[in-house]
$ cat coords-v3.txt   # compact mmCIF, C-alpha atoms
# COMPACT_ATOMS: atom_id res chain seq x y z
CA MET A 1 2.93 1.88 8.50
CA LEU A 2 2.15 -1.84 8.26
CA LEU A 3 4.04 -3.51 5.43
CA LYS A 4 3.07 -7.17 5.85
CA ARG A 5 1.11 -9.60 8.02
CA GLU A 6 2.11 -13.24 8.20
CA ASN A 7 0.01 -15.74 10.13
CA LYS A 8 1.96 -18.44 11.98
CA GLU A 9 0.98 -21.63 13.79
CA ASN A 10 -0.44 -21.67 17.32
CA ARG A 11 -2.29 -18.34 17.09
CA ARG A 12 0.80 -16.27 16.35
CA VAL A 13 1.23 -13.54 13.77
CA VAL A 14 4.24 -11.57 12.48
CA LEU A 15 3.66 -7.92 11.61
CA THR A 16 6.35 -6.15 9.59
CA ILE A 17 6.13 -2.42 10.30
CA GLN A 18 7.94 0.55 8.82
CA VAL A 19 8.56 3.81 10.69
CA GLU A 20 8.53 6.57 8.09
CA GLN A 21 11.29 9.14 7.69
CA GLU A 22 9.28 12.05 9.11
CA ALA A 23 8.51 10.30 12.42
CA TRP A 24 12.03 8.85 12.51
CA GLU A 25 13.68 12.25 12.03
CA LYS A 26 11.50 13.75 14.77
CA ALA A 27 12.47 10.92 17.15
CA LEU A 28 16.18 11.39 16.35
CA GLU A 29 15.89 15.11 17.07
CA GLU A 30 14.13 14.41 20.39
CA ALA A 31 16.84 11.89 21.30
CA TYR A 32 19.48 14.53 20.57
CA GLU A 33 17.67 17.11 22.73
CA ARG A 34 17.45 14.68 25.65
CA SER A 35 21.12 13.66 25.54
CA LYS A 36 23.03 16.72 24.33
CA ALA A 37 23.80 17.85 27.90
CA LEU A 38 25.72 14.59 28.42
CA PHE A 39 28.16 15.53 25.63
CA THR A 40 29.19 19.02 26.77
CA LYS A 41 32.35 20.31 25.10
CA GLU A 42 35.47 21.40 27.05
CA ASP A 43 34.49 25.07 26.67
CA GLY A 44 31.07 24.32 28.25
CA SER A 45 29.06 24.69 25.06
CA LEU A 46 26.67 22.05 23.79
CA PRO A 47 27.56 20.21 20.59
CA THR A 48 25.24 20.26 17.60
CA ARG A 49 23.56 17.08 16.49
CA GLN A 50 25.78 16.96 13.40
CA GLU A 51 28.93 17.25 15.54
CA MET A 52 27.76 14.42 17.79
CA GLU A 53 26.91 12.18 14.83
CA GLU A 54 30.31 12.86 13.24
CA LYS A 55 32.18 12.14 16.48
CA HIS A 56 30.17 9.12 17.76
CA GLY A 57 28.68 7.73 14.54
CA ALA A 58 25.45 8.37 12.66
CA ASP A 59 23.66 5.79 14.77
CA VAL A 60 24.40 7.46 18.13
CA PHE A 61 20.70 8.28 18.67
CA TYR A 62 19.15 5.24 16.97
CA GLN A 63 18.47 3.16 20.08
CA ASP A 64 16.75 5.98 21.91
CA ALA A 65 14.74 6.92 18.81
CA VAL A 66 13.67 3.31 18.20
CA ASN A 67 12.56 2.96 21.82
CA ASN A 68 10.39 6.07 21.43
CA THR A 69 8.83 5.24 18.05
CA PHE A 70 8.17 1.50 17.99
CA PRO A 71 5.37 1.49 20.62
CA ILE A 72 3.32 4.00 18.64
CA ALA A 73 3.92 2.21 15.35
CA LEU A 74 3.10 -1.17 16.89
CA VAL A 75 -0.13 0.05 18.46
CA GLU A 76 -1.22 1.58 15.14
CA ALA A 77 -0.48 -1.65 13.27
CA VAL A 78 -2.32 -3.78 15.84
CA ARG A 79 -5.31 -1.43 15.69
CA GLN A 80 -5.23 -1.50 11.88
CA GLU A 81 -5.21 -5.30 11.83
CA ASP A 82 -7.82 -5.48 14.62
CA ILE A 83 -6.06 -8.20 16.58
CA SER A 84 -6.05 -8.96 20.32
CA VAL A 85 -2.50 -9.20 21.64
CA ALA A 86 -1.82 -11.70 24.43
CA GLY A 87 1.46 -10.81 26.10
CA ALA A 88 4.51 -8.84 25.04
CA PRO A 89 5.55 -9.21 21.39
CA GLU A 90 9.04 -10.24 20.31
CA LEU A 91 10.56 -7.35 18.34
CA THR A 92 13.33 -7.51 15.76
CA VAL A 93 14.76 -4.54 13.86
CA GLU A 94 15.06 -5.67 10.24
CA ALA A 95 16.61 -2.55 8.65
CA ILE A 96 17.61 0.84 10.02
CA GLY A 97 19.07 4.00 8.53
CA PRO A 98 18.65 7.75 8.21
CA GLU A 99 15.45 7.32 6.19
CA GLY A 100 13.66 5.29 8.87
CA TYR A 101 13.55 1.68 9.96
CA VAL A 102 11.61 -1.54 9.55
CA PHE A 103 10.91 -3.93 12.39
CA SER A 104 8.95 -7.12 12.83
CA ALA A 105 6.82 -8.07 15.81
CA LEU A 106 6.00 -11.70 16.62
CA ILE A 107 2.70 -11.51 18.48
CA ASP A 108 0.80 -14.15 20.42
CA LEU A 109 -2.94 -13.83 19.95
CA TYR A 110 -5.70 -14.69 22.37
CA PRO A 111 -7.27 -18.05 21.54
CA GLU A 112 -10.55 -18.17 19.67
CA VAL A 113 -13.35 -19.40 21.85
CA LYS A 114 -16.48 -20.86 20.28
CA LEU A 115 -19.37 -21.31 22.65
CA GLY A 116 -21.72 -24.21 22.23
CA GLN A 117 -25.33 -24.43 23.32
CA TYR A 118 -25.51 -22.87 26.76
CA GLU A 119 -28.92 -21.19 26.91
CA GLY A 120 -31.98 -23.14 27.92
CA LEU A 121 -30.04 -26.03 29.46
CA THR A 122 -31.41 -27.81 32.52
CA ALA A 123 -29.85 -30.10 35.06
CA PRO A 124 -31.63 -32.61 37.29
CA LYS A 125 -31.71 -31.63 40.94
CA ALA A 126 -32.34 -34.32 43.53
CA GLU A 127 -34.28 -33.24 46.60
CA PRO A 128 -32.67 -34.62 49.75
CA ALA A 129 -34.97 -36.63 52.00
CA VAL A 130 -34.44 -35.69 55.64
CA THR A 131 -36.40 -37.34 58.47
CA ASP A 132 -36.87 -36.22 62.06
CA GLU A 133 -34.67 -39.13 63.12
CA ASP A 134 -31.82 -37.84 60.88
CA ILE A 135 -32.08 -34.42 62.52
CA GLU A 136 -32.04 -35.93 66.05
CA ASN A 137 -28.97 -38.04 65.21
CA GLU A 138 -27.11 -34.98 63.90
CA LEU A 139 -27.99 -32.81 66.91
CA LYS A 140 -27.21 -35.41 69.64
CA PRO A 141 -23.43 -34.81 69.77
CA TYR A 142 -23.94 -31.03 70.08
CA ILE A 143 -26.52 -31.41 72.83
CA THR A 144 -24.30 -33.85 74.73
CA ARG A 145 -21.33 -31.48 74.60
CA ALA A 146 -23.32 -28.40 75.59
CA THR A 147 -25.15 -29.89 78.59
CA ARG A 148 -24.06 -31.13 81.98
CA LEU A 149 -25.69 -33.19 84.64
CA VAL A 150 -25.99 -31.45 87.99
CA SER A 151 -27.26 -33.26 91.07
CA VAL A 152 -29.66 -31.22 93.19
CA ASP A 153 -30.87 -32.00 96.73
CA ARG A 154 -34.66 -31.71 97.01
$ encode --input "coords-v3.txt" --output "structure tokens"
Amino acid sequence: MLLKRENKENRRVVLTIQVEQEAWEKALEEAYERSKALFTKEDGSLPTRQEMEEKHGADVFYQDAVNNTFPIALVEAVRQEDISVAGAPELTVEAIGPEGYVFSALIDLYPEVKLGQYEGLTAPKAEPAVTDEDIENELKPYITRATRLVSVDR
């Protein structure tokens, strides 16, 4: 969900975007599912998400979850603002916790192009004047190179 848009100089804009708790919780659960096999217990069983968070910290899945949620949130915000992104945005996580996170994206925009009068324009075209003498002078070197003088007894 887009929280704020701030226009900057040089066709740049900063979007502040919040990922809601529902999407965040789903991403954390998916991150747990993908990585639980890496944290197998000594008895061979898989730890629960709560056990992993207690052992490694509540933020053990945050990076993976952020990487999976920010592209969707960013695309939605860009579509909502109807802007044309030029290049990769610079992302900064502003706040993060169990209830979701807020990030900002510094985005370069395509330049605005304003067309002037371009229909109905004409340009003068000079017709070249070529004489038979000009043609002969241009062809002489080719003729000289491509011919040979052969003496014949008659």
$ residues_near_point --input "coords-v3.txt" --point "(9.7, -7.8, 14.3)" --cutoff "12 Å" --atoms "only C-alpha atoms" --output "PDB file with C-alpha atoms, in the coordinates of the input"
ATOM      1  CA  LEU A   2       2.150  -1.840   8.260  1.00  0.00           C
ATOM      2  CA  LEU A   3       4.040  -3.510   5.430  1.00  0.00           C
ATOM      3  CA  LYS A   4       3.070  -7.170   5.850  1.00  0.00           C
ATOM      4  CA  ARG A   5       1.110  -9.600   8.020  1.00  0.00           C
ATOM      5  CA  GLU A   6       2.110 -13.240   8.200  1.00  0.00           C
ATOM      6  CA  VAL A  13       1.230 -13.540  13.770  1.00  0.00           C
ATOM      7  CA  VAL A  14       4.240 -11.570  12.480  1.00  0.00           C
ATOM      8  CA  LEU A  15       3.660  -7.920  11.610  1.00  0.00           C
ATOM      9  CA  THR A  16       6.350  -6.150   9.590  1.00  0.00           C
ATOM     10  CA  ILE A  17       6.130  -2.420  10.300  1.00  0.00           C
ATOM     11  CA  GLN A  18       7.940   0.550   8.820  1.00  0.00           C
ATOM     12  CA  PHE A  70       8.170   1.500  17.990  1.00  0.00           C
ATOM     13  CA  ALA A  73       3.920   2.210  15.350  1.00  0.00           C
ATOM     14  CA  LEU A  74       3.100  -1.170  16.890  1.00  0.00           C
ATOM     15  CA  ALA A  77      -0.480  -1.650  13.270  1.00  0.00           C
ATOM     16  CA  ALA A  88       4.510  -8.840  25.040  1.00  0.00           C
ATOM     17  CA  PRO A  89       5.550  -9.210  21.390  1.00  0.00           C
ATOM     18  CA  GLU A  90       9.040 -10.240  20.310  1.00  0.00           C
ATOM     19  CA  LEU A  91      10.560  -7.350  18.340  1.00  0.00           C
ATOM     20  CA  THR A  92      13.330  -7.510  15.760  1.00  0.00           C
ATOM     21  CA  VAL A  93      14.760  -4.540  13.860  1.00  0.00           C
ATOM     22  CA  GLU A  94      15.060  -5.670  10.240  1.00  0.00           C
ATOM     23  CA  ALA A  95      16.610  -2.550   8.650  1.00  0.00           C
ATOM     24  CA  TYR A 101      13.550   1.680   9.960  1.00  0.00           C
ATOM     25  CA  VAL A 102      11.610  -1.540   9.550  1.00  0.00           C
ATOM     26  CA  PHE A 103      10.910  -3.930  12.390  1.00  0.00           C
ATOM     27  CA  SER A 104       8.950  -7.120  12.830  1.00  0.00           C
ATOM     28  CA  ALA A 105       6.820  -8.070  15.810  1.00  0.00           C
ATOM     29  CA  LEU A 106       6.000 -11.700  16.620  1.00  0.00           C
ATOM     30  CA  ILE A 107       2.700 -11.510  18.480  1.00  0.00           C
TER      31      ILE A 107
END
$ closest_residue --input "coords-v3.txt" --among "A:Ala23, A:Thr69, A:Phe39, A:Glu33" --to "His56 (chain A)" --atoms "all atoms listed in the file"
A:Phe39
$ atom_distance --input "coords-v3.txt" --atom1 "CA of Val85 (chain A)" --atom2 "CA of Met1 (chain A)"
18.0 Å
$ atom_distance --input "coords-v3.txt" --atom1 "CA of Asp108 (chain A)" --atom2 "CA of Ala86 (chain A)"
5.4 Å
$ atom_distance --input "coords-v3.txt" --atom1 "CA of Lys36 (chain A)" --atom2 "CA of Asn68 (chain A)"
16.8 Å
$ closest_residue --input "coords-v3.txt" --among "A:Tyr32, A:Arg148, A:Glu127, A:Tyr110" --to "Asn10 (chain A)" --atoms "all atoms listed in the file"
A:Tyr110
$ decode --input "coords-v3.txt" --residues "region 82-125 of chain A" --atoms "N, CA and C atoms" --output "short mmCIF file (atom, residue, chain, number, x, y, z; two decimals), in the first residue's frame"
data_model
loop_
_atom_site.label_atom_id
_atom_site.label_comp_id
_atom_site.auth_asym_id
_atom_site.auth_seq_id
_atom_site.Cartn_x
_atom_site.Cartn_y
_atom_site.Cartn_z
N ASP A 82 0.96 5.56 -11.73
CA ASP A 82 1.05 5.69 -13.18
C ASP A 82 2.31 6.44 -13.60
N ILE A 83 3.45 5.88 -13.18
CA ILE A 83 4.73 6.48 -13.54
C ILE A 83 5.53 5.50 -14.38
N SER A 84 6.45 6.01 -15.19
CA SER A 84 7.33 5.20 -16.04
C SER A 84 8.71 5.16 -15.41
N VAL A 85 9.10 4.00 -14.94
CA VAL A 85 10.37 3.83 -14.23
C VAL A 85 11.50 3.64 -15.24
N ALA A 86 12.57 4.40 -15.05
CA ALA A 86 13.76 4.29 -15.90
C ALA A 86 14.89 3.75 -15.04
N GLY A 87 15.15 2.46 -15.12
CA GLY A 87 16.23 1.87 -14.35
C GLY A 87 15.76 1.26 -13.04
N ALA A 88 16.69 0.68 -12.33
CA ALA A 88 16.38 0.01 -11.06
C ALA A 88 16.28 1.04 -9.94
N PRO A 89 15.24 0.96 -9.12
CA PRO A 89 15.10 1.91 -8.01
C PRO A 89 16.06 1.58 -6.87
N GLU A 90 16.36 2.60 -6.07
CA GLU A 90 17.16 2.41 -4.85
C GLU A 90 16.18 2.17 -3.71
N LEU A 91 16.30 1.03 -3.04
CA LEU A 91 15.36 0.64 -1.99
C LEU A 91 15.99 0.79 -0.62
N THR A 92 15.19 1.25 0.33
CA THR A 92 15.62 1.38 1.71
C THR A 92 14.49 0.93 2.61
N VAL A 93 14.77 -0.03 3.51
CA VAL A 93 13.77 -0.46 4.48
C VAL A 93 13.76 0.57 5.61
N GLU A 94 12.60 1.19 5.81
CA GLU A 94 12.47 2.24 6.83
C GLU A 94 12.14 1.65 8.20
N ALA A 95 11.21 0.70 8.25
CA ALA A 95 10.79 0.08 9.51
C ALA A 95 10.36 -1.35 9.21
N ILE A 96 10.68 -2.26 10.15
CA ILE A 96 10.33 -3.66 9.93
C ILE A 96 10.00 -4.29 11.28
N GLY A 97 9.04 -5.19 11.27
CA GLY A 97 8.63 -5.87 12.49
C GLY A 97 7.63 -6.95 12.17
N PRO A 98 7.08 -7.59 13.20
CA PRO A 98 6.15 -8.69 12.97
C PRO A 98 4.84 -8.25 12.30
N GLU A 99 4.52 -6.98 12.38
CA GLU A 99 3.27 -6.50 11.78
C GLU A 99 3.42 -6.05 10.34
N GLY A 100 4.61 -6.12 9.78
CA GLY A 100 4.85 -5.73 8.40
C GLY A 100 6.08 -4.84 8.31
N TYR A 101 6.24 -4.19 7.18
CA TYR A 101 7.38 -3.28 7.04
C TYR A 101 7.06 -2.16 6.09
N VAL A 102 7.86 -1.11 6.19
CA VAL A 102 7.73 0.07 5.33
C VAL A 102 9.08 0.27 4.65
N PHE A 103 9.02 0.49 3.34
CA PHE A 103 10.25 0.77 2.61
C PHE A 103 10.03 1.93 1.67
N SER A 104 11.14 2.57 1.30
CA SER A 104 11.07 3.67 0.34
C SER A 104 11.86 3.28 -0.90
N ALA A 105 11.38 3.77 -2.04
CA ALA A 105 12.02 3.48 -3.32
C ALA A 105 12.29 4.80 -4.02
N LEU A 106 13.57 5.09 -4.27
CA LEU A 106 13.97 6.27 -5.03
C LEU A 106 14.02 5.84 -6.49
N ILE A 107 13.15 6.45 -7.30
CA ILE A 107 12.94 6.00 -8.67
C ILE A 107 13.30 7.12 -9.64
N ASP A 108 14.09 6.76 -10.66
CA ASP A 108 14.36 7.68 -11.77
C ASP A 108 13.24 7.50 -12.79
N LEU A 109 12.73 8.63 -13.25
CA LEU A 109 11.64 8.61 -14.23
C LEU A 109 12.18 8.92 -15.62
N TYR A 110 11.49 8.42 -16.63
CA TYR A 110 11.85 8.79 -17.99
C TYR A 110 11.62 10.28 -18.17
N PRO A 111 12.43 10.93 -18.98
CA PRO A 111 12.25 12.37 -19.18
C PRO A 111 10.97 12.66 -19.96
N GLU A 112 10.41 13.81 -19.72
CA GLU A 112 9.25 14.26 -20.48
C GLU A 112 9.73 14.83 -21.80
N VAL A 113 9.11 14.41 -22.86
CA VAL A 113 9.48 14.88 -24.18
C VAL A 113 8.29 15.63 -24.76
N LYS A 114 8.53 16.87 -25.16
CA LYS A 114 7.48 17.67 -25.77
C LYS A 114 7.88 17.92 -27.21
N LEU A 115 7.06 17.42 -28.12
CA LEU A 115 7.34 17.58 -29.53
C LEU A 115 6.87 18.93 -30.02
N GLY A 116 7.66 19.53 -30.86
CA GLY A 116 7.26 20.78 -31.50
C GLY A 116 6.53 20.49 -32.80
N GLN A 117 6.46 21.48 -33.65
CA GLN A 117 5.82 21.32 -34.95
C GLN A 117 6.68 20.39 -35.80
N TYR A 118 6.10 19.26 -36.19
CA TYR A 118 6.86 18.34 -37.03
C TYR A 118 6.06 17.89 -38.26
N GLU A 119 4.77 18.12 -38.28
CA GLU A 119 3.97 17.75 -39.43
C GLU A 119 3.88 18.92 -40.40
N GLY A 120 3.91 18.60 -41.68
CA GLY A 120 3.77 19.62 -42.69
C GLY A 120 5.03 20.42 -42.96
N LEU A 121 6.16 20.00 -42.43
CA LEU A 121 7.40 20.72 -42.67
C LEU A 121 7.97 20.33 -44.03
N THR A 122 8.65 21.26 -44.67
CA THR A 122 9.31 20.98 -45.94
C THR A 122 10.76 21.43 -45.85
N ALA A 123 11.57 20.82 -46.70
CA ALA A 123 12.98 21.17 -46.75
C ALA A 123 13.37 21.35 -48.21
N PRO A 124 14.17 22.37 -48.52
CA PRO A 124 14.56 22.56 -49.91
C PRO A 124 15.48 21.43 -50.36
N LYS A 125 15.29 21.00 -51.59
CA LYS A 125 16.10 19.92 -52.15
C LYS A 125 16.70 20.42 -53.45
#
